[in-house]
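Source file: coords02.pdb; contents: PDB, C-alpha atoms.
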ATOM      1  CA  MET A1107     119.072 108.664  99.287
ATOM      2  CA  LYS A1108     117.737 111.161 101.811
ATOM      3  CA  PRO A1109     114.191 110.709 103.189
ATOM      4  CA  ARG A1110     112.895 113.802 101.353
ATOM      5  CA  GLU A1111     114.209 112.554  97.987
ATOM      6  CA  LEU A1112     112.867 109.068  98.649
ATOM      7  CA  ALA A1113     109.459 110.511  99.561
ATOM      8  CA  LEU A1114     109.472 112.574  96.366
ATOM      9  CA  TRP A1115     110.206 109.540  94.175
ATOM     10  CA  HIS A1116     107.680 107.431  96.085
ATOM     11  CA  ALA A1117     105.047 110.140  95.539
ATOM     12  CA  ARG A1118     105.866 110.351  91.843
ATOM     13  CA  GLY A1119     105.504 106.588  91.542
ATOM     14  CA  ARG A1120     102.111 106.903  93.242
ATOM     15  CA  GLN A1121     101.132 109.616  90.740
ATOM     16  CA  LEU A1122     102.164 107.361  87.858
ATOM     17  CA  VAL A1123     100.129 104.433  89.184
ATOM     18  CA  GLY A1124      97.181 106.741  89.848
ATOM     19  CA  ALA A1125      97.298 108.242  86.377
ATOM     20  CA  ALA A1126      97.469 104.778  84.791
ATOM     21  CA  PHE A1127      94.333 103.678  86.663
ATOM     22  CA  VAL A1128      92.482 106.877  85.749
ATOM     23  CA  LEU A1129      93.450 106.852  82.070
ATOM     24  CA  ALA A1130      93.504 103.100  81.348
ATOM     25  CA  PRO A1131      91.546 101.412  84.149
ATOM     26  CA  GLY A1132      91.037  98.119  82.324
ATOM     27  CA  LEU A1133      94.697  97.707  81.488
ATOM     28  CA  ALA A1134      96.069  98.929  84.823
ATOM     29  CA  GLY A1135      93.438  97.020  86.762
ATOM     30  CA  SER A1136      94.287  93.812  84.918
ATOM     31  CA  ALA A1137      97.758  93.990  86.400
ATOM     32  CA  TRP A1138      96.177  93.923  89.864
ATOM     33  CA  ILE A1139      93.062  91.755  89.671
ATOM     34  CA  GLY A1140      93.186  90.054  86.286
ATOM     35  CA  SER A1141      90.613  90.036  83.493
ATOM     36  CA  ASP A1142      87.699  91.179  85.711
ATOM     37  CA  ALA A1143      89.236  94.661  85.570
ATOM     38  CA  ARG A1144      88.018  95.035  81.987
ATOM     39  CA  ARG A1145      84.356  95.029  83.089
ATOM     40  CA  ARG A1146      82.759  98.498  83.004
ATOM     41  CA  PRO A1147      81.607  98.567  86.657
ATOM     42  CA  VAL A1148      85.080  97.522  87.817
ATOM     43  CA  LYS A1149      86.601 100.351  85.768
ATOM     44  CA  VAL A1150      84.614 102.806  87.912
ATOM     45  CA  LEU A1151      86.363 101.519  91.027
ATOM     46  CA  ALA A1152      89.722 101.407  89.255
ATOM     47  CA  ARG A1153      89.403 105.062  88.256
ATOM     48  CA  ALA A1154      88.418 106.003  91.816
ATOM     49  CA  PHE A1155      91.454 104.119  93.127
ATOM     50  CA  GLY A1156      93.625 105.915  90.587
ATOM     51  CA  ALA A1157      92.248 109.326  91.498
ATOM     52  CA  ARG A1158      92.970 108.604  95.166
ATOM     53  CA  ASP A1159      96.584 107.693  94.498
ATOM     54  CA  LEU A1160      97.076 110.582  92.089
ATOM     55  CA  ALA A1161      95.714 113.031  94.674
ATOM     56  CA  ILE A1162      97.822 111.622  97.510
ATOM     57  CA  GLY A1163     100.941 111.722  95.351
ATOM     58  CA  LEU A1164     100.283 115.311  94.311
ATOM     59  CA  GLY A1165      99.573 116.292  97.915
ATOM     60  CA  ILE A1166     102.930 114.886  99.001
ATOM     61  CA  VAL A1167     104.856 116.628  96.220
ATOM     62  CA  ILE A1168     103.168 119.988  96.773
ATOM     63  CA  ALA A1169     103.703 119.757 100.538
ATOM     64  CA  LEU A1170     107.390 118.952  99.991
ATOM     65  CA  ASP A1171     107.680 121.857  97.560
ATOM     66  CA  ARG A1172     106.095 124.271 100.024
ATOM     67  CA  GLY A1173     107.704 122.971 103.184
ATOM     68  CA  THR A1174     104.233 122.424 104.646
ATOM     69  CA  PRO A1175     103.234 119.368 106.688
ATOM     70  CA  VAL A1176     103.705 116.227 104.625
ATOM     71  CA  ARG A1177     103.471 113.512 107.265
ATOM     72  CA  GLY A1178      99.674 113.246 107.066
ATOM     73  CA  TRP A1179      99.809 112.832 103.281
ATOM     74  CA  ILE A1180     102.377 110.063 103.606
ATOM     75  CA  GLU A1181     100.336 108.386 106.331
ATOM     76  CA  ALA A1182      97.244 108.540 104.106
ATOM     77  CA  GLY A1183      99.189 106.740 101.388
ATOM     78  CA  THR A1184     100.480 104.208 103.904
ATOM     79  CA  LEU A1185      96.962 103.463 105.133
ATOM     80  CA  SER A1186      95.664 103.152 101.573
ATOM     81  CA  ASP A1187      98.495 100.806 100.600
ATOM     82  CA  GLY A1188      97.929  98.694 103.694
ATOM     83  CA  ILE A1189      94.221  98.365 102.960
ATOM     84  CA  ASP A1190      94.937  97.550  99.304
ATOM     85  CA  THR A1191      97.322  94.813 100.469
ATOM     86  CA  VAL A1192      94.789  93.293 102.858
ATOM     87  CA  ALA A1193      92.049  93.511 100.197
ATOM     88  CA  SER A1194      94.288  91.621  97.773
ATOM     89  CA  LEU A1195      94.906  88.933 100.379
ATOM     90  CA  LEU A1196      91.208  88.664 101.218
ATOM     91  CA  ALA A1197      90.381  88.222  97.532
ATOM     92  CA  GLY A1198      92.264  84.931  97.695
ATOM     93  CA  SER A1199      92.086  82.698  94.662
ATOM     94  CA  SER A1200      89.735  85.049  92.805
ATOM     95  CA  ILE A1201      92.951  86.822  91.747
ATOM     96  CA  PRO A1202      95.419  84.581  89.927
ATOM     97  CA  PRO A1203      98.446  83.894  92.176
ATOM     98  CA  ALA A1204     100.878  85.109  89.506
ATOM     99  CA  ILE A1205      99.237  88.537  89.807
ATOM    100  CA  ARG A1206      98.134  88.530  93.453
ATOM    101  CA  TRP A1207     101.486  87.897  95.139
ATOM    102  CA  PRO A1208     103.494  90.570  93.281
ATOM    103  CA  CYS A1209     100.699  93.077  94.015
ATOM    104  CA  VAL A1210     100.658  92.090  97.685
ATOM    105  CA  ALA A1211     104.438  92.544  97.812
ATOM    106  CA  LEU A1212     104.233  95.930  96.070
ATOM    107  CA  GLY A1213     101.455  97.180  98.351
ATOM    108  CA  ALA A1214     103.139  95.929 101.517
ATOM    109  CA  GLY A1215     106.479  97.369 100.422
ATOM    110  CA  SER A1216     104.927 100.733  99.652
ATOM    111  CA  ALA A1217     103.132 100.758 103.015
ATOM    112  CA  ALA A1218     106.381  99.867 104.810
ATOM    113  CA  LEU A1219     108.252 102.628 102.979
ATOM    114  CA  GLY A1220     105.565 105.142 103.950
ATOM    115  CA  ALA A1221     105.701 104.021 107.572
ATOM    116  CA  TYR A1222     109.479 104.482 107.512
ATOM    117  CA  LEU A1223     109.326 107.930 105.864
ATOM    118  CA  ALA A1224     106.410 109.560 107.712
ATOM    119  CA  PRO A1225     108.098 110.222 111.072
ATOM    120  CA  GLN A1226     111.241 111.529 109.368
ATOM    121  CA  LEU A1227     109.426 114.273 107.480
ATOM    122  CA  ASP A1228     107.694 116.247 110.233
ATOM    123  CA  GLU A1229     109.546 119.552 109.789
ATOM    124  CA  LEU A1230     110.919 120.525 106.400
ATOM    125  CA  ASP A1231     112.133 123.632 104.655
ATOM    126  CA  PRO A1232     110.466 124.425 101.332
ATOM    127  CA  ILE A1233     112.104 123.428  98.039
ATOM    128  CA  PRO A1234     110.344 125.907  95.732
ATOM    129  CA  GLY A1235     110.728 125.349  92.037
ATOM    130  CA  GLU A1236     112.065 121.805  92.353
ATOM    131  CA  THR A1237     108.714 120.121  91.737
ATOM    132  CA  PRO A1238     107.038 120.930  88.431
ATOM    133  CA  GLU A1239     103.867 119.221  89.663
ATOM    134  CA  ALA A1240     103.341 122.063  92.141
ATOM    135  CA  ALA A1241     103.441 124.708  89.410
ATOM    136  CA  LEU A1242     101.262 122.668  87.044
ATOM    137  CA  THR A1243      98.552 122.372  89.680
ATOM    138  CA  GLY A1244      98.429 126.087  90.446
ATOM    139  CA  HIS A1245     101.008 126.174  93.220
ATOM    140  CA  PRO A1246     103.885 128.144  91.662
ATOM    141  CA  ALA A1247     107.144 128.519  93.529
ATOM    142  CA  GLN A1248     107.134 131.102  96.280
ATOM    143  CA  ARG A1249     110.552 132.507  96.970
TER     144      ARG A1249
END

Taking this structure as input, can you express it in the form of structure tokens?
Amino acid sequence: MKPRELALWHARGRQLVGAAFVLAPGLAGSAWIGSDARRRPVKVLARAFGARDLAIGLGIVIALDRGTPVRGWIEAGTLSDGIDTVASLLAGSSIPPAIRWPCVALGAGSAALGAYLAPQLDELDPIPGETPEAALTGHPAQR
């Protein structure tokens, strides 16, 4: 798979995770931190996390669609994933190991993928019309 295609799928996965945390913060959060995610104050943070990932994912897709700089968007996702990974490690035993370690692996893997992709996507031609997310967010194809 070419770096652009991989970045597009990675961004769409980020959008999916983000949307899950925004729409169902207790459920999505439980997959990351366990039952504490069902508490109302924790849902606030889960929704904020989800909005961040949704926005970064959309930014990547729209930038790829337009052929505009995408590296910074990917690096923002990489930084976020790295911090999420470290936060999960710092939480230690407050997160059940059966949940913590898969989340650490997912976050670290996502950060590593972003670090691999970012330098490869400095200069791109636009791919107008290939990303429905761009049109849905008010960025219709420009030919």

Using only C-alpha atoms, the residue out of A:Glu1229, A:Asp1187, A:Glu1111, A:Glu1181 with shortest distance to A:Gly1165 is A:Glu1181

Skipping near chain neighbours, those fewer than 5 positions away, what residues fall within 8 Å of stretch 1205-1207 of chain A using all atoms listed in the file, listed as a count of residues only?
-> 6

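As for atom CA of A:Pro1225 and atom CA of A:Gly1183, they are spaced 13.6 Å apart.
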
Go through stretch 1145-1232 of chain A and flag each residue having an atom no more than 8 Å from stretch 1114-1122 of chain A; for those, report the closest pair of atoms plus their distance in Å to one decimal, using all atoms listed in the file, ordered by chain and rising number, as CSV.
residue,atom,partner,partner_atom,distance
A:Asp1159,CA,A:Arg1120,CA,5.7
A:Leu1160,CA,A:Gln1121,CA,4.4
A:Ala1161,CA,A:Gln1121,CA,7.5
A:Ile1162,CA,A:Ala1117,CA,7.6
A:Gly1163,CA,A:Ala1117,CA,4.4
A:Leu1164,CA,A:Gln1121,CA,6.8
A:Ile1166,CA,A:Ala1117,CA,6.2
A:Val1167,CA,A:Leu1114,CA,6.1
A:Leu1170,CA,A:Leu1114,CA,7.6

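With all atoms listed in the file as the basis for measurement, A:Val1210 is the residue among A:Val1210, A:Phe1127, A:Thr1174, A:Leu1151 that approaches A:Ala1197 most closely.
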
Would you kindly return, as a PyMOL selection string, each protein, DNA or RNA residue with an atom no farther than 9 Å from any atom of A:Ala1126, considering all atoms listed in the file and excluding same-chain residues fewer than 6 positions away?
-> chain A and resi 1133-1135+1153+1156

Requested write-out: C-alpha atoms of the selected residues, as a compact mmCIF listing (two decimals), in the coordinates of the input:
# COMPACT_ATOMS: atom_id res chain seq x y z
CA LEU A 1133 94.70 97.71 81.49
CA ALA A 1134 96.07 98.93 84.82
CA GLY A 1135 93.44 97.02 86.76
CA ARG A 1153 89.40 105.06 88.26
CA GLY A 1156 93.62 105.92 90.59

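Between A:Ala1169 and the residues A:Ile1189, A:Leu1227, A:Ala1157, A:Met1107, the shortest atom-to-atom distance, using only C-alpha atoms, involves A:Leu1227.
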
Can you report as lines of an AutoDock Vina configuration file the centre and edge lengths in Å, to one decimal, of an axis-aligned box around the listed atoms of stretch 1146-1164 of chain A padded with 3 Å on each side?
center_x = 91.3
center_y = 106.4
center_z = 90.3
size_x = 25.3
size_y = 23.8
size_z = 20.5

For atom CA of A:Ala1154 and atom CA of A:Ser1199, determine how far apart the two atoms are, in Å to one decimal place.
-> 23.8 Å

List the neighbours of A:Ala1224 out to 12 Å using all atoms listed in the file; skip same-chain residues closer than 6 positions along the sequence, and give me the result as an mmCIF file with C-alpha atoms, keeping the file's coordinate frame.
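The resulting file, part38.cif, is reproduced below:
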data_model
loop_
_atom_site.group_PDB
_atom_site.id
_atom_site.type_symbol
_atom_site.label_atom_id
_atom_site.label_comp_id
_atom_site.auth_asym_id
_atom_site.auth_seq_id
_atom_site.Cartn_x
_atom_site.Cartn_y
_atom_site.Cartn_z
ATOM 1 C CA PRO A 1109 114.191 110.709 103.189
ATOM 2 C CA ARG A 1110 112.895 113.802 101.353
ATOM 3 C CA LEU A 1112 112.867 109.068 98.649
ATOM 4 C CA ALA A 1113 109.459 110.511 99.561
ATOM 5 C CA HIS A 1116 107.680 107.431 96.085
ATOM 6 C CA ILE A 1166 102.930 114.886 99.001
ATOM 7 C CA PRO A 1175 103.234 119.368 106.688
ATOM 8 C CA VAL A 1176 103.705 116.227 104.625
ATOM 9 C CA ARG A 1177 103.471 113.512 107.265
ATOM 10 C CA GLY A 1178 99.674 113.246 107.066
ATOM 11 C CA TRP A 1179 99.809 112.832 103.281
ATOM 12 C CA ILE A 1180 102.377 110.063 103.606
ATOM 13 C CA GLU A 1181 100.336 108.386 106.331
ATOM 14 C CA ALA A 1182 97.244 108.540 104.106
ATOM 15 C CA GLY A 1183 99.189 106.740 101.388
ATOM 16 C CA THR A 1184 100.480 104.208 103.904
ATOM 17 C CA LEU A 1185 96.962 103.463 105.133
ATOM 18 C CA ALA A 1217 103.132 100.758 103.015
ATOM 19 C CA ALA A 1218 106.381 99.867 104.810
ATOM 20 C CA LEU A 1230 110.919 120.525 106.400
#

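Across the structure, atom CA of A:Ser1136 and atom CA of A:Asp1190 are spaced 14.9 Å apart.
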
Please write stretch 1184-1206 of chain A of the preceding block to a file containing N, CA, C and O atoms, as a PDB file, in the first residue's frame?
ATOM      1  N   THR A1184       0.419  11.922  15.563  1.00  0.00           N
ATOM      2  CA  THR A1184       1.514  11.143  16.136  1.00  0.00           C
ATOM      3  C   THR A1184       1.815  11.606  17.561  1.00  0.00           C
ATOM      4  O   THR A1184       1.982  10.785  18.475  1.00  0.00           O
ATOM      5  N   LEU A1185       1.870  12.906  17.758  1.00  0.00           N
ATOM      6  CA  LEU A1185       2.102  13.445  19.102  1.00  0.00           C
ATOM      7  C   LEU A1185       0.975  13.038  20.044  1.00  0.00           C
ATOM      8  O   LEU A1185       1.226  12.584  21.171  1.00  0.00           O
ATOM      9  N   SER A1186      -0.260  13.183  19.599  1.00  0.00           N
ATOM     10  CA  SER A1186      -1.405  12.814  20.429  1.00  0.00           C
ATOM     11  C   SER A1186      -1.359  11.338  20.805  1.00  0.00           C
ATOM     12  O   SER A1186      -1.585  10.970  21.962  1.00  0.00           O
ATOM     13  N   ASP A1187      -1.064  10.486  19.829  1.00  0.00           N
ATOM     14  CA  ASP A1187      -1.000   9.046  20.100  1.00  0.00           C
ATOM     15  C   ASP A1187       0.128   8.715  21.068  1.00  0.00           C
ATOM     16  O   ASP A1187      -0.022   7.870  21.952  1.00  0.00           O
ATOM     17  N   GLY A1188       1.255   9.394  20.903  1.00  0.00           N
ATOM     18  CA  GLY A1188       2.373   9.168  21.820  1.00  0.00           C
ATOM     19  C   GLY A1188       2.027   9.568  23.251  1.00  0.00           C
ATOM     20  O   GLY A1188       2.328   8.842  24.206  1.00  0.00           O
ATOM     21  N   ILE A1189       1.370  10.710  23.397  1.00  0.00           N
ATOM     22  CA  ILE A1189       0.971  11.156  24.733  1.00  0.00           C
ATOM     23  C   ILE A1189      -0.083  10.224  25.325  1.00  0.00           C
ATOM     24  O   ILE A1189      -0.026   9.884  26.514  1.00  0.00           O
ATOM     25  N   ASP A1190      -1.032   9.774  24.496  1.00  0.00           N
ATOM     26  CA  ASP A1190      -2.034   8.821  24.981  1.00  0.00           C
ATOM     27  C   ASP A1190      -1.370   7.535  25.474  1.00  0.00           C
ATOM     28  O   ASP A1190      -1.769   6.960  26.495  1.00  0.00           O
ATOM     29  N   THR A1191      -0.342   7.089  24.755  1.00  0.00           N
ATOM     30  CA  THR A1191       0.376   5.871  25.133  1.00  0.00           C
ATOM     31  C   THR A1191       1.076   6.052  26.472  1.00  0.00           C
ATOM     32  O   THR A1191       0.959   5.208  27.369  1.00  0.00           O
ATOM     33  N   VAL A1192       1.788   7.164  26.618  1.00  0.00           N
ATOM     34  CA  VAL A1192       2.488   7.432  27.879  1.00  0.00           C
ATOM     35  C   VAL A1192       1.489   7.585  29.030  1.00  0.00           C
ATOM     36  O   VAL A1192       1.704   7.058  30.128  1.00  0.00           O
ATOM     37  N   ALA A1193       0.372   8.271  28.774  1.00  0.00           N
ATOM     38  CA  ALA A1193      -0.654   8.432  29.818  1.00  0.00           C
ATOM     39  C   ALA A1193      -1.193   7.077  30.266  1.00  0.00           C
ATOM     40  O   ALA A1193      -1.422   6.855  31.463  1.00  0.00           O
ATOM     41  N   SER A1194      -1.377   6.172  29.323  1.00  0.00           N
ATOM     42  CA  SER A1194      -1.863   4.830  29.668  1.00  0.00           C
ATOM     43  C   SER A1194      -0.841   4.076  30.499  1.00  0.00           C
ATOM     44  O   SER A1194      -1.201   3.354  31.436  1.00  0.00           O
ATOM     45  N   LEU A1195       0.431   4.252  30.180  1.00  0.00           N
ATOM     46  CA  LEU A1195       1.485   3.611  30.971  1.00  0.00           C
ATOM     47  C   LEU A1195       1.565   4.211  32.367  1.00  0.00           C
ATOM     48  O   LEU A1195       1.712   3.488  33.357  1.00  0.00           O
ATOM     49  N   LEU A1196       1.458   5.534  32.447  1.00  0.00           N
ATOM     50  CA  LEU A1196       1.532   6.201  33.753  1.00  0.00           C
ATOM     51  C   LEU A1196       0.356   5.847  34.657  1.00  0.00           C
ATOM     52  O   LEU A1196       0.486   5.884  35.883  1.00  0.00           O
ATOM     53  N   ALA A1197      -0.775   5.500  34.052  1.00  0.00           N
ATOM     54  CA  ALA A1197      -1.951   5.126  34.842  1.00  0.00           C
ATOM     55  C   ALA A1197      -1.718   3.818  35.586  1.00  0.00           C
ATOM     56  O   ALA A1197      -2.376   3.544  36.593  1.00  0.00           O
ATOM     57  N   GLY A1198      -0.783   3.027  35.106  1.00  0.00           N
ATOM     58  CA  GLY A1198      -0.420   1.785  35.792  1.00  0.00           C
ATOM     59  C   GLY A1198      -1.597   0.880  36.068  1.00  0.00           C
ATOM     60  O   GLY A1198      -2.478   0.703  35.238  1.00  0.00           O
ATOM     61  N   SER A1199      -1.626   0.350  37.276  1.00  0.00           N
ATOM     62  CA  SER A1199      -2.627  -0.653  37.636  1.00  0.00           C
ATOM     63  C   SER A1199      -4.036  -0.095  37.800  1.00  0.00           C
ATOM     64  O   SER A1199      -4.974  -0.855  38.024  1.00  0.00           O
ATOM     65  N   SER A1200      -4.197   1.223  37.687  1.00  0.00           N
ATOM     66  CA  SER A1200      -5.561   1.772  37.766  1.00  0.00           C
ATOM     67  C   SER A1200      -6.375   1.384  36.529  1.00  0.00           C
ATOM     68  O   SER A1200      -7.600   1.468  36.537  1.00  0.00           O
ATOM     69  N   ILE A1201      -5.694   0.955  35.473  1.00  0.00           N
ATOM     70  CA  ILE A1201      -6.358   0.404  34.287  1.00  0.00           C
ATOM     71  C   ILE A1201      -6.063  -1.093  34.285  1.00  0.00           C
ATOM     72  O   ILE A1201      -4.900  -1.492  34.372  1.00  0.00           O
ATOM     73  N   PRO A1202      -7.092  -1.910  34.188  1.00  0.00           N
ATOM     74  CA  PRO A1202      -6.852  -3.360  34.187  1.00  0.00           C
ATOM     75  C   PRO A1202      -5.876  -3.760  33.072  1.00  0.00           C
ATOM     76  O   PRO A1202      -5.982  -3.274  31.947  1.00  0.00           O
ATOM     77  N   PRO A1203      -4.912  -4.625  33.381  1.00  0.00           N
ATOM     78  CA  PRO A1203      -3.893  -5.007  32.393  1.00  0.00           C
ATOM     79  C   PRO A1203      -4.479  -5.541  31.086  1.00  0.00           C
ATOM     80  O   PRO A1203      -3.918  -5.303  30.019  1.00  0.00           O
ATOM     81  N   ALA A1204      -5.592  -6.247  31.165  1.00  0.00           N
ATOM     82  CA  ALA A1204      -6.197  -6.802  29.947  1.00  0.00           C
ATOM     83  C   ALA A1204      -6.666  -5.706  29.001  1.00  0.00           C
ATOM     84  O   ALA A1204      -6.824  -5.941  27.798  1.00  0.00           O
ATOM     85  N   ILE A1205      -6.881  -4.511  29.525  1.00  0.00           N
ATOM     86  CA  ILE A1205      -7.283  -3.365  28.705  1.00  0.00           C
ATOM     87  C   ILE A1205      -6.064  -2.498  28.393  1.00  0.00           C
ATOM     88  O   ILE A1205      -5.869  -2.051  27.278  1.00  0.00           O
ATOM     89  N   ARG A1206      -5.253  -2.243  29.433  1.00  0.00           N
ATOM     90  CA  ARG A1206      -4.131  -1.313  29.308  1.00  0.00           C
ATOM     91  C   ARG A1206      -3.163  -1.714  28.211  1.00  0.00           C
ATOM     92  O   ARG A1206      -2.808  -0.898  27.350  1.00  0.00           O
TER      93      ARG A1206
END
